[in-house]
Every structure is written in structure tokens, then in C-alpha cells.
$ cat work.cif   # mmCIF, C-alpha atoms
data_query
loop_
_atom_site.group_PDB
_atom_site.id
_atom_site.type_symbol
_atom_site.label_atom_id
_atom_site.label_comp_id
_atom_site.auth_asym_id
_atom_site.auth_seq_id
_atom_site.Cartn_x
_atom_site.Cartn_y
_atom_site.Cartn_z
ATOM 1 C CA MET A 46 -26.275 -19.719 199.826
ATOM 2 C CA PHE A 47 -26.314 -20.276 196.130
ATOM 3 C CA GLN A 48 -23.633 -17.598 195.545
ATOM 4 C CA SER A 49 -21.355 -19.064 198.219
ATOM 5 C CA LYS A 50 -21.585 -22.485 196.659
ATOM 6 C CA GLN A 51 -20.676 -21.165 193.249
ATOM 7 C CA ASN A 52 -17.513 -19.318 194.585
ATOM 8 C CA SER A 53 -16.162 -22.311 196.486
ATOM 9 C CA PRO A 54 -14.504 -24.077 193.471
ATOM 10 C CA ALA A 55 -12.810 -20.801 192.422
ATOM 11 C CA ARG A 56 -11.339 -20.300 195.871
ATOM 12 C CA ILE A 57 -10.136 -23.837 195.955
ATOM 13 C CA LEU A 58 -8.362 -23.351 192.590
ATOM 14 C CA GLY A 59 -6.778 -20.106 193.774
ATOM 15 C CA PHE A 60 -5.451 -21.700 196.910
ATOM 16 C CA GLY A 61 -4.123 -24.569 194.894
ATOM 17 C CA PHE A 62 -2.286 -22.265 192.508
ATOM 18 C CA VAL A 63 -0.668 -20.346 195.345
ATOM 19 C CA ILE A 64 0.451 -23.566 196.975
ATOM 20 C CA LEU A 65 1.822 -24.834 193.640
ATOM 21 C CA LEU A 66 3.716 -21.602 193.142
ATOM 22 C CA HIS A 67 5.316 -21.848 196.555
ATOM 23 C CA VAL A 68 6.279 -25.440 195.874
ATOM 24 C CA VAL A 69 7.973 -24.401 192.571
ATOM 25 C CA ILE A 70 9.864 -21.557 194.291
ATOM 26 C CA VAL A 71 11.040 -23.792 197.107
ATOM 27 C CA TYR A 72 12.108 -26.425 194.600
ATOM 28 C CA GLY A 73 14.016 -23.870 192.564
ATOM 29 C CA LEU A 74 15.804 -22.610 195.582
ATOM 30 C CA ALA A 75 16.742 -26.090 196.608
ATOM 31 C CA ASN A 76 18.200 -26.931 193.172
ATOM 32 C CA GLY A 77 20.345 -23.679 192.863
ATOM 33 C CA LEU A 78 18.023 -21.907 190.518
ATOM 34 C CA ALA A 79 18.330 -18.749 192.517
ATOM 35 C CA HIS A 80 22.137 -18.902 192.308
ATOM 36 C CA SER A 81 22.007 -19.291 188.535
ATOM 37 C CA VAL A 82 19.663 -16.403 188.245
ATOM 38 C CA VAL A 83 21.986 -14.232 190.364
ATOM 39 C CA GLU A 84 25.005 -15.232 188.275
ATOM 40 C CA ALA A 85 23.089 -14.643 185.067
ATOM 41 C CA ILE A 86 22.117 -11.187 186.267
ATOM 42 C CA ASN A 87 25.374 -10.237 187.939
ATOM 43 C CA GLY A 88 27.671 -11.799 185.298
ATOM 44 C CA PRO A 89 26.873 -9.580 182.321
ATOM 45 C CA MET A 90 26.755 -6.483 184.495
ATOM 46 C CA GLU A 91 30.216 -7.201 185.956
ATOM 47 C CA THR A 92 31.693 -7.919 182.507
ATOM 48 C CA LYS A 93 30.275 -4.760 181.079
ATOM 49 C CA ILE A 94 31.775 -2.624 183.844
ATOM 50 C CA ILE A 95 35.261 -4.188 183.375
ATOM 51 C CA ASP A 96 35.110 -3.695 179.604
ATOM 52 C CA GLU A 97 34.220 -0.054 180.026
ATOM 53 C CA VAL A 98 37.134 0.491 182.478
ATOM 54 C CA GLN A 99 39.612 -1.205 180.131
ATOM 55 C CA LYS A 100 38.365 0.822 177.172
ATOM 56 C CA LYS A 101 38.735 4.009 179.175
ATOM 57 C CA GLU A 102 42.320 3.079 180.212
ATOM 58 C CA GLU A 103 43.359 2.191 176.648
ATOM 59 C CA GLU A 104 42.179 5.489 175.208
ATOM 60 C CA PRO A 105 45.119 7.947 174.792
ATOM 61 C CA PRO A 106 45.030 11.117 176.835
ATOM 62 C CA PRO A 107 43.730 14.139 175.031
ATOM 63 C CA PRO A 108 46.421 16.483 173.661
ATOM 64 C CA PRO A 109 47.278 19.507 175.780
ATOM 65 C CA PRO A 110 45.493 22.640 174.814
ATOM 66 C CA ASP A 111 47.412 24.879 172.443
ATOM 67 C CA PHE A 112 48.203 27.967 174.483
ATOM 68 C CA LYS A 113 49.662 30.771 172.414
ATOM 69 C CA GLN A 114 52.243 32.898 174.205
ATOM 70 C CA PRO A 115 51.082 36.482 174.453
ATOM 71 C CA PRO A 116 53.256 39.001 172.578
ATOM 72 C CA PRO A 117 55.795 40.929 174.679
ATOM 73 C CA ALA A 118 54.653 44.146 176.127
ATOM 74 C CA PHE A 119 55.802 47.128 174.112
ATOM 75 C CA VAL A 120 57.220 50.013 176.098
ATOM 76 C CA ASP A 121 57.611 53.218 174.224
ATOM 77 C CA LEU A 122 60.902 54.670 175.510
ATOM 78 C CA PRO A 123 61.638 58.345 174.950
ATOM 79 C CA GLN A 124 64.396 59.054 172.448
ATOM 80 C CA ILE A 125 67.438 60.714 173.992
ATOM 81 C CA ASN A 126 70.029 62.437 171.816
ATOM 82 C CA ILE A 127 73.461 62.921 173.405
ATOM 83 C CA GLU A 128 75.696 65.387 171.613
ATOM 84 C CA THR A 129 79.454 65.149 172.196
ATOM 85 C CA ALA A 130 81.933 67.825 171.303
ATOM 86 C CA GLN A 131 84.044 67.001 168.284
ATOM 87 C CA PRO A 132 87.791 66.938 169.069
ATOM 88 C CA ALA A 133 89.856 69.607 167.431
ATOM 89 C CA THR A 134 91.647 68.452 164.303
ATOM 90 C CA HIS A 135 94.856 70.289 165.179
ATOM 91 C CA ALA A 136 95.068 68.380 168.474
ATOM 92 C CA ILE A 137 94.863 65.077 166.609
ATOM 93 C CA GLN A 138 97.611 66.186 164.236
ATOM 94 C CA ALA A 139 99.784 67.244 167.129
ATOM 95 C CA VAL A 140 99.390 63.854 168.764
ATOM 96 C CA THR A 141 100.072 61.919 165.590
ATOM 97 C CA ASN A 142 103.226 63.956 164.892
ATOM 98 C CA VAL A 143 104.770 63.061 168.251
ATOM 99 C CA ARG A 144 107.334 60.335 167.830
ATOM 100 C CA PRO A 145 107.895 57.809 170.582
ATOM 101 C CA THR A 146 110.975 58.615 172.587
ATOM 102 C CA ALA A 147 113.786 56.114 172.623
ATOM 103 C CA PRO A 148 114.464 54.405 175.935
ATOM 104 C CA PRO A 149 117.302 55.966 177.926
ATOM 105 C CA PRO A 150 120.697 54.325 177.493
ATOM 106 C CA PRO A 151 121.838 52.012 180.261
ATOM 107 C CA PRO A 152 123.912 53.691 182.957
ATOM 108 C CA PRO A 153 127.668 53.389 182.548
ATOM 109 C CA PRO A 154 129.459 50.936 184.780
ATOM 110 C CA PRO A 155 130.730 52.411 188.050
ATOM 111 C CA VAL A 156 134.245 53.842 187.962
ATOM 112 C CA LYS A 157 136.676 52.383 190.442
ATOM 113 C CA ARG A 158 138.927 55.170 191.723
ATOM 114 C CA GLU A 159 142.013 54.998 193.903
ATOM 115 C CA PRO A 160 143.504 58.212 195.429
ATOM 116 C CA PRO A 161 147.238 59.002 195.303
ATOM 117 C CA ARG A 162 149.347 57.048 197.792
ATOM 118 C CA GLN A 163 152.825 57.293 199.236
ATOM 119 C CA ASP A 164 155.478 55.534 197.161
ATOM 120 C CA PRO A 165 157.548 53.155 199.327
ATOM 121 C CA ARG A 166 160.478 53.636 196.914
ATOM 122 C CA HIS A 167 160.288 57.413 197.409
ATOM 123 C CA PRO A 168 159.194 58.012 201.031
ATOM 124 C CA ILE A 169 157.977 61.479 202.034
ATOM 125 C CA THR A 170 160.851 63.479 203.534
ATOM 126 C CA GLN A 171 160.587 65.885 206.469
ATOM 127 C CA PRO A 172 161.533 69.484 205.595
ATOM 128 C CA ASP A 173 164.457 71.073 207.399
ATOM 129 C CA TYR A 174 163.514 73.100 210.453
ATOM 130 C CA PRO A 175 164.242 76.742 209.725
ATOM 131 C CA ALA A 176 166.994 78.015 212.044
ATOM 132 C CA THR A 177 165.155 81.219 212.833
ATOM 133 C CA SER A 178 161.985 79.306 213.692
ATOM 134 C CA ARG A 179 163.975 76.954 215.917
ATOM 135 C CA ARG A 180 165.619 79.885 217.707
ATOM 136 C CA LEU A 181 162.292 81.601 218.180
ATOM 137 C CA GLY A 182 160.553 78.376 219.223
ATOM 138 C CA GLU A 183 158.042 78.372 216.374
ATOM 139 C CA GLU A 184 155.981 75.166 216.086
ATOM 140 C CA GLY A 185 152.886 74.075 214.189
ATOM 141 C CA ALA A 186 151.373 71.895 211.453
ATOM 142 C CA VAL A 187 150.779 72.932 207.862
ATOM 143 C CA VAL A 188 148.441 71.184 205.399
ATOM 144 C CA LEU A 189 149.532 71.331 201.776
ATOM 145 C CA LYS A 190 147.287 70.785 198.781
ATOM 146 C CA PHE A 191 148.758 69.826 195.398
ATOM 147 C CA LEU A 192 148.046 68.044 192.125
ATOM 148 C CA VAL A 193 149.725 64.665 191.627
ATOM 149 C CA GLU A 194 150.409 64.055 187.950
ATOM 150 C CA ALA A 195 149.859 60.700 186.213
ATOM 151 C CA ASP A 196 153.613 59.987 186.594
ATOM 152 C CA GLY A 197 153.491 60.591 190.364
ATOM 153 C CA ARG A 198 155.275 63.967 190.377
ATOM 154 C CA LEU A 199 153.777 67.083 191.965
ATOM 155 C CA LYS A 200 152.858 69.957 189.705
ATOM 156 C CA ASP A 201 154.961 72.876 190.975
ATOM 157 C CA ASP A 202 152.478 75.684 190.558
ATOM 158 C CA SER A 203 149.676 73.623 192.113
ATOM 159 C CA ILE A 204 151.184 73.421 195.621
ATOM 160 C CA THR A 205 149.256 75.681 198.003
ATOM 161 C CA VAL A 206 148.720 76.017 201.742
ATOM 162 C CA GLU A 207 145.316 74.554 202.657
ATOM 163 C CA GLN A 208 145.829 75.178 206.387
ATOM 164 C CA SER A 209 148.659 77.313 207.763
ATOM 165 C CA SER A 210 150.855 76.405 210.718
ATOM 166 C CA GLY A 211 150.619 79.974 211.944
ATOM 167 C CA HIS A 212 154.198 80.732 210.928
ATOM 168 C CA ASP A 213 155.104 81.833 207.429
ATOM 169 C CA ARG A 214 158.662 80.397 207.637
ATOM 170 C CA LEU A 215 157.325 76.927 208.478
ATOM 171 C CA ASP A 216 154.780 77.041 205.629
ATOM 172 C CA LYS A 217 157.430 78.035 203.047
ATOM 173 C CA ALA A 218 159.825 75.310 204.280
ATOM 174 C CA ALA A 219 157.118 72.649 203.733
ATOM 175 C CA ILE A 220 156.336 73.922 200.184
ATOM 176 C CA ALA A 221 160.047 73.949 199.221
ATOM 177 C CA GLU A 222 160.539 70.374 200.453
ATOM 178 C CA ALA A 223 157.469 69.105 198.524
ATOM 179 C CA ARG A 224 158.701 70.665 195.273
ATOM 180 C CA ARG A 225 162.196 69.213 195.529
ATOM 181 C CA HIS A 226 161.718 65.685 196.789
ATOM 182 C CA TRP A 227 158.137 64.466 197.128
ATOM 183 C CA ARG A 228 156.715 61.823 194.788
ATOM 184 C CA PHE A 229 153.527 59.735 195.065
ATOM 185 C CA LEU A 230 151.903 56.763 193.442
ATOM 186 C CA PRO A 231 149.331 58.376 191.091
ATOM 187 C CA ALA A 232 145.589 57.993 191.418
ATOM 188 C CA THR A 233 143.878 55.401 189.214
ATOM 189 C CA GLU A 234 140.478 55.059 187.537
ATOM 190 C CA ASN A 235 139.597 51.492 186.581
ATOM 191 C CA GLY A 236 143.286 50.643 186.875
ATOM 192 C CA LYS A 237 144.510 53.551 184.709
ATOM 193 C CA ALA A 238 146.827 56.248 186.186
ATOM 194 C CA VAL A 239 145.261 59.731 186.206
ATOM 195 C CA ALA A 240 146.077 63.117 187.733
ATOM 196 C CA ALA A 241 144.326 63.879 191.012
ATOM 197 C CA TRP A 242 144.377 66.392 193.853
ATOM 198 C CA HIS A 243 145.825 65.347 197.196
ATOM 199 C CA GLN A 244 146.534 66.816 200.648
ATOM 200 C CA PHE A 245 149.375 66.146 203.064
ATOM 201 C CA ARG A 246 150.015 67.380 206.630
ATOM 202 C CA VAL A 247 153.521 68.374 207.774
ATOM 203 C CA VAL A 248 154.205 68.795 211.529
ATOM 204 C CA PHE A 249 156.950 71.081 212.880
ATOM 205 C CA GLN A 250 157.768 70.307 216.511
ATOM 206 C CA LEU A 251 160.821 71.221 218.566
ATOM 207 C CA THR A 252 162.391 68.490 220.733
ATOM 208 C CA ASN A 253 164.838 68.883 223.575
#
$ encode --input "work.cif" --output "C-alpha cells"
Amino acid sequence: MFQSKQNSPARILGFGFVILLHVVIVYGLANGLAHSVVEAINGPMETKIIDEVQKKEEEPPPPPPDFKQPPPAFVDLPQINIETAQPATHAIQAVTNVRPTAPPPPPPPPVKREPPRQDPRHPITQPDYPATSRRLGEEGAVVLKFLVEADGRLKDDSITVEQSSGHDRLDKAAIAEARRHWRFLPATENGKAVAAWHQFRVVFQLTN
């Protein structure tokens, strides 16, 4: 009993302190003390985090690492010796002594030729029909070949029989007439009179 009486004032003081503490806490909460405490705690922590982020962003990036390029690979290639035959010295001298040939001269202009023609002022006459050939009924055509001089006359020794009529008398009559009377317009080359060979056909035909 004596011990319980002595502990009663201590219990009463303890209860009173607990009640007083609750009253202070409730009062602080009512007056925003808790909010100030939260801001005081959270404020410096939030500011510190922002400052650290800004400092990290402002720091320049570290320089890239210095990578040295490896030296090129060395490949030991085998040495190849190619021997070529030396050209002969006499061949070089022969080539150097050859002179370039001159271009060929231009071709001459074409020559305009005109064969002998009959002269209207001296028409070709028909040879006389040999009497013996007429009596015997000899007929035929003889082709004479002759050289017409530059003046239009026939060269006497050039008149030959190119194709016979089949009768010697008719052939000789044609040759004799050509030597005595025939004349031609001479052949020309680029407008200039020249001698040229010519042929003429003489026909012997009997008529009733």
C-alpha cells in the first residue's frame, strides 16, 4: 500500500506530460507547423537535386578517345623479273632510213573523145558495080577498116578488108572507091582533131 501511494504522483505526471505533448502536436498541426516542416525538409532537397542536374548539363562532354589508326598491313610480294628481247639495231636503222612516200598525183581529167563521122559536104559515095559481078549475079556486103587522118582523109595503105563480101571483085571495088573519094570528119579528143581508126560497111545488091 505504501509503494502504490508513492507511485501515484509519478503516474499522474507522466499522464499529464503525454496529454500536453498531444495538445502541442495537435496545435502545431492546426497552425500549419507540419506544412512548414515539410517545406523546410523538402525545399533544400529539391533545390540540391536541380542544382546537381544543371551542373551536370553545363559540363562539356568529354573529348573522344584518341584512336590511332593501325599501320597498313605489309604484304611481301615476290619479285618478278621480265626479260624482253632487245630489237636488232640494223632493223631500227632500216626503218629510220625509209623516207615517207609522196602522195600519188591526182588523176588526170577524163578525155572526151568523138569518133570520125561522115562529112555532109563530102558524102560517102557508092562504088561502081563491077560488070563481071553484075553479069554473074554476085552480091554481098564488105566491111572496110581504115585510118582517118587529122585532116579527114583516109590513109591509103591503111585500108583493109575487115569482113569480106565473099567476092574478091566486090571487095576490091569498095577499096578503090574509098581511096579515091571518101573523106570524113576527123575524130577529136577534148575538141582537138586526131587520127583514129574507123570502119564502114558497103553493100552490093543487084536490083531488077
$ axis_aligned_box --input "work.cif" --around "segment 228-236 of chain A" --padding-each-side "6 Å" --output "AutoDock Vina command-line options"
--center_x 148.2 --center_y 56.2 --center_z 190.8 --size_x 29.1 --size_y 23.2 --size_z 20.5
$ resolve_selection --input "work.cif" --expression "the PyMOL selection byres ((chain A and resi 188-198) around 7)" --output "PyMOL selection string"
chain A and resi 186-187+199-200+203-209+228-231+238-247
$ residues_around --input "work.cif" --residues "segment 172-175 of chain A" --least-positions-apart "2" --cutoff "6 Å" --atoms "all atoms listed in the file" --output "PyMOL selection string"
chain A and resi 177-178+219+222
$ write_last_selection --input "work.cif" --atoms "C-alpha atoms" --output "tab-separated table (two decimals), keeping the file's coordinate frame"
chain	number	residue	atom	x	y	z
A	177	THR	CA	165.16	81.22	212.83
A	178	SER	CA	161.99	79.31	213.69
A	219	ALA	CA	157.12	72.65	203.73
A	222	GLU	CA	160.54	70.37	200.45
$ atom_distance --input "work.cif" --atom1 "atom CA of Ile220 of chain A" --atom2 "atom CA of Gln171 of chain A"
11.1 Å
$ atom_distance --input "work.cif" --atom1 "atom CA of Gln250 of chain A" --atom2 "atom CA of Gly211 of chain A"
12.9 Å
$ atom_distance --input "work.cif" --atom1 "atom CA of Arg225 of chain A" --atom2 "atom CA of Asp164 of chain A"
15.3 Å
$ closest_residue --input "work.cif" --among "A:His167, A:Arg56, A:Lys157, A:Arg162" --to "His226 of chain A" --atoms "only C-alpha atoms"
A:His167
$ resolve_selection --input "work.cif" --expression "the PyMOL selection byres ((chain A and resi 179) around 12)" --output "MDAnalysis selection string"
chainID A and resid 173:178 180:185 212 214:215 249:253
$ write_last_selection --input "work.cif" --atoms "C-alpha atoms" --output "compact mmCIF listing (two decimals), keeping the file's coordinate frame"
# COMPACT_ATOMS: atom_id res chain seq x y z
CA ASP A 173 164.46 71.07 207.40
CA TYR A 174 163.51 73.10 210.45
CA PRO A 175 164.24 76.74 209.72
CA ALA A 176 166.99 78.02 212.04
CA THR A 177 165.16 81.22 212.83
CA SER A 178 161.99 79.31 213.69
CA ARG A 180 165.62 79.89 217.71
CA LEU A 181 162.29 81.60 218.18
CA GLY A 182 160.55 78.38 219.22
CA GLU A 183 158.04 78.37 216.37
CA GLU A 184 155.98 75.17 216.09
CA GLY A 185 152.89 74.08 214.19
CA HIS A 212 154.20 80.73 210.93
CA ARG A 214 158.66 80.40 207.64
CA LEU A 215 157.32 76.93 208.48
CA PHE A 249 156.95 71.08 212.88
CA GLN A 250 157.77 70.31 216.51
CA LEU A 251 160.82 71.22 218.57
CA THR A 252 162.39 68.49 220.73
CA ASN A 253 164.84 68.88 223.58
$ closest_residue --input "work.cif" --among "A:Pro108, A:Pro160, A:Gly59, A:Pro152" --to "Asn235 of chain A" --atoms "all atoms listed in the file"
A:Pro160
$ build_atoms --input "work.cif" --residues "segment 152-173 of chain A" --atoms "N, CA and C atoms" --output "mmCIF file, in the coordinates of the input"
data_model
loop_
_atom_site.group_PDB
_atom_site.id
_atom_site.type_symbol
_atom_site.label_atom_id
_atom_site.label_comp_id
_atom_site.auth_asym_id
_atom_site.auth_seq_id
_atom_site.Cartn_x
_atom_site.Cartn_y
_atom_site.Cartn_z
ATOM 1 N N PRO A 152 122.889 52.909 182.244
ATOM 2 C CA PRO A 152 123.912 53.691 182.957
ATOM 3 C C PRO A 152 125.295 53.076 182.762
ATOM 4 N N PRO A 153 126.312 53.921 182.706
ATOM 5 C CA PRO A 153 127.668 53.389 182.548
ATOM 6 C C PRO A 153 128.090 52.607 183.783
ATOM 7 N N PRO A 154 128.996 51.702 183.618
ATOM 8 C CA PRO A 154 129.459 50.936 184.780
ATOM 9 C C PRO A 154 130.160 51.853 185.774
ATOM 10 N N PRO A 155 130.076 51.559 187.042
ATOM 11 C CA PRO A 155 130.730 52.411 188.050
ATOM 12 C C PRO A 155 132.247 52.442 187.852
ATOM 13 N N VAL A 156 132.798 53.645 188.118
ATOM 14 C CA VAL A 156 134.245 53.842 187.962
ATOM 15 C C VAL A 156 134.918 53.542 189.300
ATOM 16 N N LYS A 157 135.924 52.725 189.235
ATOM 17 C CA LYS A 157 136.676 52.383 190.442
ATOM 18 C C LYS A 157 137.876 53.319 190.536
ATOM 19 N N ARG A 158 137.873 54.169 191.558
ATOM 20 C CA ARG A 158 138.927 55.170 191.723
ATOM 21 C C ARG A 158 139.796 54.835 192.938
ATOM 22 N N GLU A 159 141.058 55.137 192.804
ATOM 23 C CA GLU A 159 142.013 54.998 193.903
ATOM 24 C C GLU A 159 142.753 56.329 194.046
ATOM 25 N N PRO A 160 142.796 56.924 195.250
ATOM 26 C CA PRO A 160 143.504 58.212 195.429
ATOM 27 C C PRO A 160 145.027 58.010 195.379
ATOM 28 N N PRO A 161 145.752 59.121 195.251
ATOM 29 C CA PRO A 161 147.238 59.002 195.303
ATOM 30 C C PRO A 161 147.690 58.424 196.645
ATOM 31 N N ARG A 162 148.809 57.697 196.586
ATOM 32 C CA ARG A 162 149.347 57.048 197.792
ATOM 33 C C ARG A 162 150.861 57.303 197.867
ATOM 34 N N GLN A 163 151.374 57.139 199.068
ATOM 35 C CA GLN A 163 152.825 57.293 199.236
ATOM 36 C C GLN A 163 153.558 56.158 198.532
ATOM 37 N N ASP A 164 154.677 56.515 197.876
ATOM 38 C CA ASP A 164 155.478 55.534 197.161
ATOM 39 C C ASP A 164 156.545 54.993 198.108
ATOM 40 N N PRO A 165 156.515 53.688 198.413
ATOM 41 C CA PRO A 165 157.548 53.155 199.327
ATOM 42 C C PRO A 165 158.971 53.356 198.800
ATOM 43 N N ARG A 166 159.135 53.433 197.469
ATOM 44 C CA ARG A 166 160.478 53.636 196.914
ATOM 45 C C ARG A 166 160.933 55.090 197.039
ATOM 46 N N HIS A 167 159.979 55.991 197.216
ATOM 47 C CA HIS A 167 160.288 57.413 197.409
ATOM 48 C C HIS A 167 159.489 57.914 198.611
ATOM 49 N N PRO A 168 159.933 57.590 199.842
ATOM 50 C CA PRO A 168 159.194 58.012 201.031
ATOM 51 C C PRO A 168 159.175 59.539 201.160
ATOM 52 N N ILE A 169 158.139 60.041 201.824
ATOM 53 C CA ILE A 169 157.977 61.479 202.034
ATOM 54 C C ILE A 169 159.030 61.942 203.046
ATOM 55 N N THR A 170 159.778 62.956 202.668
ATOM 56 C CA THR A 170 160.851 63.479 203.534
ATOM 57 C C THR A 170 160.337 64.643 204.370
ATOM 58 N N GLN A 171 160.932 64.789 205.562
ATOM 59 C CA GLN A 171 160.587 65.885 206.469
ATOM 60 C C GLN A 171 161.403 67.122 206.099
ATOM 61 N N PRO A 172 160.754 68.272 205.929
ATOM 62 C CA PRO A 172 161.533 69.484 205.595
ATOM 63 C C PRO A 172 162.455 69.899 206.748
ATOM 64 N N ASP A 173 163.527 70.559 206.377
ATOM 65 C CA ASP A 173 164.457 71.073 207.399
ATOM 66 C C ASP A 173 163.782 72.147 208.245
#
